[in-house]
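Heads up, work_0.txt below (compact mmCIF, C-alpha atoms):
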# COMPACT_ATOMS: atom_id res chain seq x y z
CA MET A 1 0.00 0.00 0.00
CA VAL A 2 1.27 3.46 -0.91
CA GLU A 3 1.05 6.07 1.85
CA LEU A 4 0.49 9.66 0.78
CA LYS A 5 2.45 12.05 2.98
CA THR A 6 1.15 15.36 4.28
CA ASP A 7 3.09 18.58 3.75
CA THR A 8 4.21 18.36 7.38
CA SER A 9 5.48 14.82 6.87
CA ILE A 10 7.34 15.83 3.72
CA ASP A 11 9.00 18.66 5.65
CA ALA A 12 10.07 16.11 8.27
CA MET A 13 11.46 13.86 5.54
CA HIS A 14 13.34 16.87 4.17
CA ALA A 15 15.00 17.30 7.56
CA ALA A 16 16.10 13.65 7.49
CA GLY A 17 17.23 14.09 3.90
CA GLN A 18 19.45 17.01 4.86
CA VAL A 19 21.25 14.79 7.36
CA VAL A 20 21.85 12.27 4.57
CA GLY A 21 23.11 15.05 2.31
CA ARG A 22 25.57 16.25 4.96
CA ALA A 23 26.80 12.70 5.54
CA LEU A 24 27.40 12.10 1.84
CA THR A 25 29.19 15.43 1.46
CA ALA A 26 31.41 14.63 4.45
CA VAL A 27 32.22 11.17 3.08
CA ARG A 28 33.03 12.55 -0.37
CA ASP A 29 35.28 15.21 1.17
CA ALA A 30 37.10 12.61 3.28
CA ALA A 31 37.63 10.15 0.43
CA ALA A 32 41.24 10.20 -0.73
CA VAL A 33 43.95 7.79 -1.77
CA GLY A 34 44.87 5.67 1.26
CA VAL A 35 41.63 6.21 3.19
CA SER A 36 39.82 2.99 4.12
CA LEU A 37 36.14 2.32 3.54
CA LEU A 38 35.76 1.71 7.27
CA GLU A 39 37.07 5.22 7.89
CA LEU A 40 34.47 6.62 5.49
CA ASP A 41 31.77 4.72 7.37
CA GLU A 42 32.94 6.34 10.59
CA VAL A 43 32.71 9.78 8.97
CA ALA A 44 29.05 9.13 8.14
CA ARG A 45 28.37 7.73 11.62
CA GLU A 46 29.66 10.94 13.18
CA VAL A 47 27.34 13.09 11.05
CA LEU A 48 24.37 10.93 12.09
CA ARG A 49 25.39 11.14 15.76
CA GLU A 50 25.71 14.91 15.66
CA ALA A 51 22.24 15.20 14.10
CA GLY A 52 20.62 12.83 16.58
CA ALA A 53 19.67 10.55 13.68
CA SER A 54 19.84 6.78 13.35
CA SER A 55 20.80 4.63 10.39
CA PRO A 56 18.22 2.54 8.53
CA PHE A 57 21.13 0.57 7.01
CA LEU A 58 22.78 -0.58 10.24
CA GLY A 59 21.37 -3.96 11.22
CA TYR A 60 19.03 -4.09 8.21
CA ARG A 61 18.37 -7.67 7.10
CA PRO A 62 16.02 -8.24 4.17
CA SER A 63 14.99 -11.76 3.22
CA PHE A 64 17.89 -12.25 0.77
CA ALA A 65 20.63 -11.27 3.23
CA PRO A 66 22.59 -13.92 5.16
CA THR A 67 23.54 -11.43 7.88
CA PRO A 68 22.41 -7.99 9.06
CA PHE A 69 24.14 -5.10 7.29
CA PRO A 70 27.03 -3.97 9.53
CA ALA A 71 27.50 -0.33 8.51
CA VAL A 72 25.72 3.00 7.99
CA ILE A 73 26.87 3.38 4.39
CA CYS A 74 27.09 1.08 1.41
CA ALA A 75 30.52 1.59 -0.17
CA SER A 76 30.81 0.09 -3.66
CA VAL A 77 34.13 0.43 -5.51
CA ASN A 78 34.83 -0.02 -9.24
CA ASP A 79 32.99 -3.19 -10.38
CA ALA A 80 30.72 -3.20 -7.31
CA ILE A 81 27.30 -1.85 -8.32
CA VAL A 82 25.52 -1.51 -4.97
CA HIS A 83 25.40 -2.80 -1.38
CA GLY A 84 29.16 -2.92 -0.84
CA ILE A 85 30.11 -3.53 2.80
CA PRO A 86 32.75 -1.06 4.09
CA GLY A 87 35.91 -2.91 5.01
CA ARG A 88 39.65 -2.41 5.31
CA TYR A 89 40.12 -1.73 1.60
CA ARG A 90 42.05 1.53 1.14
CA LEU A 91 41.14 3.75 -1.77
CA ARG A 92 43.54 3.83 -4.71
CA ASP A 93 44.28 6.39 -7.35
CA GLY A 94 41.58 6.27 -10.02
CA ASP A 95 38.98 4.33 -8.02
CA LEU A 96 35.31 4.87 -8.84
CA VAL A 97 33.34 4.95 -5.59
CA SER A 98 29.58 4.80 -5.00
CA ILE A 99 28.32 5.68 -1.51
CA ASP A 100 24.72 5.03 -0.43
CA CYS A 101 23.52 6.43 2.90
CA GLY A 102 20.30 6.78 4.84
CA ALA A 103 19.08 8.49 7.98
CA VAL A 104 16.04 8.31 10.21
CA LEU A 105 15.20 11.51 12.08
CA ASP A 106 12.08 11.95 14.23
CA GLY A 107 10.61 8.80 12.69
CA TRP A 108 11.10 9.74 9.02
CA ALA A 109 13.66 8.36 6.58
CA GLY A 110 15.88 9.80 3.88
CA ASP A 111 17.98 7.84 1.37
CA SER A 112 20.51 9.04 -1.20
CA ALA A 113 23.62 7.95 -3.09
CA ILE A 114 26.52 9.53 -4.94
CA SER A 115 29.30 8.30 -7.21
CA PHE A 116 32.69 9.99 -7.56
CA THR A 117 36.30 9.26 -8.43
CA VAL A 118 39.38 9.35 -6.22
CA GLY A 119 42.67 10.81 -7.40
CA ARG A 120 43.18 11.06 -11.15
CA PRO A 121 39.86 10.18 -12.81
CA ARG A 122 39.46 8.04 -15.89
CA PRO A 123 37.49 9.95 -18.57
CA ALA A 124 35.30 6.88 -19.06
CA ASP A 125 34.37 6.93 -15.36
CA LEU A 126 33.44 10.60 -15.50
CA ARG A 127 31.16 9.89 -18.46
CA LEU A 128 29.57 6.99 -16.61
CA ILE A 129 28.87 9.11 -13.52
CA GLU A 130 27.59 12.02 -15.61
CA THR A 131 25.18 9.70 -17.39
CA ALA A 132 23.91 8.27 -14.11
CA GLU A 133 23.31 11.82 -12.86
CA ARG A 134 21.48 12.77 -16.08
CA ALA A 135 19.34 9.67 -15.73
CA LEU A 136 18.52 10.65 -12.15
CA ALA A 137 17.59 14.18 -13.24
CA ALA A 138 15.35 12.76 -15.98
CA GLY A 139 13.63 10.45 -13.53
CA ILE A 140 13.07 13.27 -11.07
CA ALA A 141 11.64 15.50 -13.82
CA ALA A 142 9.09 12.77 -14.59
CA ALA A 143 7.93 12.56 -10.96
CA VAL A 144 4.88 14.80 -11.40
CA PRO A 145 1.16 14.30 -10.78
CA GLY A 146 -0.54 12.78 -13.79
CA ASN A 147 2.46 10.69 -14.79
CA ARG A 148 2.95 7.06 -13.80
CA ILE A 149 5.77 5.00 -12.32
CA GLY A 150 6.51 3.78 -15.86
CA ASP A 151 7.24 7.35 -16.93
CA ILE A 152 9.98 7.63 -14.31
CA ALA A 153 11.37 4.22 -15.26
CA HIS A 154 11.32 5.07 -18.96
CA ALA A 155 13.03 8.42 -18.40
CA VAL A 156 15.84 6.80 -16.40
CA GLY A 157 16.28 3.85 -18.73
CA ARG A 158 16.30 5.90 -21.92
CA VAL A 159 19.23 8.04 -20.75
CA CYS A 160 21.22 4.97 -19.71
CA ARG A 161 20.51 2.93 -22.84
CA ASP A 162 21.09 5.86 -25.22
CA ALA A 163 24.57 6.18 -23.70
CA GLY A 164 25.24 2.49 -24.33
CA TYR A 165 25.27 1.42 -20.68
CA GLY A 166 23.83 -1.63 -18.96
CA ILE A 167 21.16 -1.63 -16.25
CA PRO A 168 21.10 -4.38 -13.59
CA HIS A 169 17.67 -5.98 -13.83
CA GLY A 170 15.57 -6.24 -10.71
CA PHE A 171 17.19 -3.40 -8.79
CA GLY A 172 15.94 0.17 -8.68
CA GLY A 173 14.19 2.71 -6.53
CA HIS A 174 11.36 2.44 -4.03
CA GLY A 175 8.85 4.28 -1.94
CA ILE A 176 10.10 5.76 1.31
CA GLY A 177 8.61 7.33 4.42
CA ARG A 178 8.59 6.03 7.97
CA ARG A 179 10.51 3.06 6.63
CA MET A 180 13.41 3.14 4.18
CA HIS A 181 11.72 0.71 1.81
CA GLU A 182 8.02 1.14 1.14
CA ASP A 183 5.71 0.65 -1.83
CA PRO A 184 5.92 1.22 -4.74
CA ASP A 185 8.92 -0.21 -6.59
CA VAL A 186 10.49 2.31 -8.98
CA PRO A 187 12.30 0.39 -11.77
CA ASN A 188 15.17 1.87 -13.77
CA GLU A 189 13.62 0.80 -17.06
CA GLY A 190 10.04 0.57 -18.21
CA ARG A 191 7.27 1.64 -20.56
CA PRO A 192 5.84 5.16 -20.35
CA GLY A 193 2.21 5.50 -19.36
CA ARG A 194 2.26 2.24 -17.40
CA GLY A 195 2.16 1.49 -13.71
CA LEU A 196 0.87 3.27 -10.65
CA PRO A 197 -0.36 6.85 -11.17
CA LEU A 198 1.74 9.49 -9.40
CA ARG A 199 -0.14 11.57 -6.83
CA PRO A 200 0.85 14.50 -4.62
CA GLY A 201 2.21 13.20 -1.33
CA MET A 202 4.06 10.21 -2.78
CA ALA A 203 7.69 9.99 -1.66
CA LEU A 204 10.06 8.03 -3.87
CA ALA A 205 13.73 7.10 -3.83
CA ILE A 206 14.84 7.25 -7.47
CA GLU A 207 18.19 5.52 -8.02
CA PRO A 208 19.77 4.80 -11.41
CA MET A 209 22.49 2.13 -11.57
CA VAL A 210 24.60 1.89 -14.73
CA ILE A 211 27.17 -0.62 -15.98
CA ALA A 212 29.91 0.69 -18.25
CA SER A 213 30.18 -2.30 -20.60
CA GLY A 214 26.56 -2.06 -21.73
CA LYS A 215 25.83 -5.53 -20.39
CA ASP A 216 23.24 -6.07 -17.66
CA ALA A 217 24.69 -9.15 -15.97
CA TYR A 218 25.80 -9.10 -12.34
CA TYR A 219 26.43 -11.55 -9.53
CA GLU A 220 26.16 -11.57 -5.76
CA ALA A 221 29.52 -11.60 -4.01
CA SER A 222 30.37 -14.10 -1.29
CA ASP A 223 29.44 -11.63 1.46
CA GLY A 224 25.79 -12.05 0.43
CA TRP A 225 25.32 -8.31 -0.06
CA THR A 226 27.58 -6.79 -2.71
CA LEU A 227 26.42 -6.93 -6.32
CA ARG A 228 29.26 -6.93 -8.86
CA THR A 229 29.30 -6.69 -12.64
CA SER A 230 29.77 -10.10 -14.22
CA ASP A 231 32.40 -8.86 -16.67
CA GLY A 232 34.39 -6.75 -14.21
CA SER A 233 33.37 -3.46 -15.81
CA ARG A 234 32.78 -0.42 -13.67
CA ALA A 235 29.44 0.77 -12.34
CA ALA A 236 27.92 3.95 -10.94
CA HIS A 237 24.94 4.51 -8.65
CA VAL A 238 23.18 7.76 -7.73
CA GLU A 239 19.96 8.43 -5.81
CA HIS A 240 17.70 11.10 -4.36
CA THR A 241 14.60 10.98 -2.20
CA VAL A 242 11.91 12.96 -4.00
CA ALA A 243 8.39 14.06 -3.07
CA VAL A 244 5.69 14.36 -5.71
CA THR A 245 3.92 17.69 -5.17
CA GLU A 246 1.39 19.84 -7.02
CA SER A 247 4.15 22.31 -7.83
CA GLY A 248 6.57 19.68 -9.14
CA PRO A 249 9.19 17.29 -7.76
CA ARG A 250 10.76 18.30 -4.46
CA ILE A 251 14.22 16.84 -3.84
CA LEU A 252 14.44 16.03 -0.13
CA THR A 253 18.10 14.96 -0.09
CA ALA A 254 19.66 17.87 -1.99
CA ARG A 255 23.30 18.43 -0.98
CA GLU A 256 26.20 20.76 -1.59
CA THR A 257 27.90 20.45 -4.95
CA PRO A 258 31.64 19.69 -4.98
Translate this file's structure into structure tokens.
Amino acid sequence: MVELKTDTSIDAMHAAGQVVGRALTAVRDAAAVGVSLLELDEVAREVLREAGASSPFLGYRPSFAPTPFPAVICASVNDAIVHGIPGRYRLRDGDLVSIDCGAVLDGWAGDSAISFTVGRPRPADLRLIETAERALAAGIAAAVPGNRIGDIAHAVGRVCRDAGYGIPHGFGGHGIGRRMHEDPDVPNEGRPGRGLPLRPGMALAIEPMVIASGKDAYYEASDGWTLRTSDGSRAAHVEHTVAVTESGPRILTARETP
């Protein structure tokens, strides 16, 4: 069931989303050659602590997971698409990093993700990230009353496919509110004019994932969480929490630009 949020609830989600935005900005600023993924997780934890927020990631265990998630960020490097567990790996020159983070503040959730490079970037990685961000912008622009979920999915997928990139099937965005994952699912590819109608008060996490090789295949790593590209090619992942309103999409997790 899809819950329509009141203006007051959306404002509360915006407050949670600003915590997420600050955490992602702090992680991005701290990421440098030699810094470990565990250290980046601690950076995000400190932002959450200072805000009095909790993490919807920490201890989360969906049906597919063998163990609860042990961190407050997902840290996915190079061929990891999503759900990477922060560990002792230290960032290297040229790494492509995707960070996903959430926060719960006063009972409301926010969820967002960024991708960036460390050190000297590969031009191909910059193009991949830029395409993911354009796909996200297209999906957000389609999140208006009168459209349908399929319009968001089509907008995201068209940008990714036109650029020649792959899209991991079965993974995409979702509704969000008092819980991080709510109805409806928001696919990253679909047919326009299909699916659930968009109504004011819907809150959606829109999150493109793109694979550089143009192939869609991926596999689950031995940790039971991380999804990796089957051919070892690089991937990018970006996300915003967005409210559908009468006046247009409202991005609840907007953050400072680098």
inquiry  = So, with all atoms listed in the file as the atoms that count, which of A:Arg49, A:Ser115, A:Ile81, A:Gly107 lies closest to Ile129 of chain A?
reply    =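 Answer, going by the shortest atom-to-atom distance: A:Ser115.
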task = Would you please work out which residue, of A:Asp125, A:Asp7, A:Asp216, A:Asp93, is nearest to Pro200 of chain A when using only C-alpha atoms?
result = A:Asp7
message = What's around Val47 of chain A at 8 Å? Count all atoms listed in the file, leave out sequence neighbours fewer than 3 positions away in its own chain, and write the answer as a list in words.
response = Val19, Arg22, Ala23, Ala26, Val43, Ala44, Glu50 and Ala51 of chain A
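For Tyr218 of chain A, the list of residues within 10 Å, based on all atoms listed in the file and with local chain neighbours fewer than 3 positions off taken out, reads Asp79, Ala80, Ile81, Ile167, Pro168, His169, Ile211, Lys215, Ala221, Leu227, Arg228, Thr229, Ser230, Asp231 and Gly232 of chain A.
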request  = Go through A:Pro184, A:Ala109, A:His240, A:Asp223 and flag the residue nearest Pro70 of chain A, using only C-alpha atoms for the distances.
outcome  =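 Smallest distance to Pro70 of chain A is found for A:Asp223.
The smallest atom-to-atom distance between Ile114 of chain A and any of A:Ile99, A:Val77, A:Ala135, A:Met180, using all atoms listed in the file, is found for A:Ile99.
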query = Restricting the calculation to only C-alpha atoms, which member of A:Ala16, A:Val144, A:Ala31, A:Ala65 is positioned closest to Gly102 of chain A?
reply =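 For Gly102 of chain A, the nearest of the candidates is A:Ala16.
Distance-wise, atom CA of Ala236 of chain A and atom CA of Glu133 of chain A end up 9.3 Å apart.
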ask   = Of the candidates A:Gly21, A:Pro249, A:Gly110, A:Gly94, which shows the shortest atom-to-atom distance to Arg179 of chain A, using only C-alpha atoms?
value =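 Residue with the minimum atom-to-atom distance to Arg179 of chain A: A:Gly110.
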query = What gap, in Å, lies between atom CA of Ala12 of chain A and atom CA of Ala153 of chain A?
reply = 26.4 Å
task = Provide the atom CA of Val244 of chain A to atom CA of Pro197 of chain A distance in Å, to one decimal place.
result =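 According to the coordinates, atom CA of Val244 of chain A and atom CA of Pro197 of chain A are separated by 11.1 Å.
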query = What lies within 12 Å of segment 84-90 of chain A using all atoms listed in the file, ignoring chain neighbours under 2 positions off, as an NGL selection string?
reply = :A and (31-44 or 57-58 or 67-82 or 92-93 or 95 or 97-101 or 118 or 220-228 or 237)
request  = For a cut-off of 10 Å around (19.0, 5.9, -20.0), file coordinates, pick out all residues using only C-alpha atoms and list them as JSON, numbers by chain.
outcome  = {"A": [131, 132, 134, 135, 136, 138, 139, 153, 154, 155, 156, 157, 158, 159, 160, 161, 162, 163, 164, 165, 166, 167, 188, 189, 208, 209, 210]}
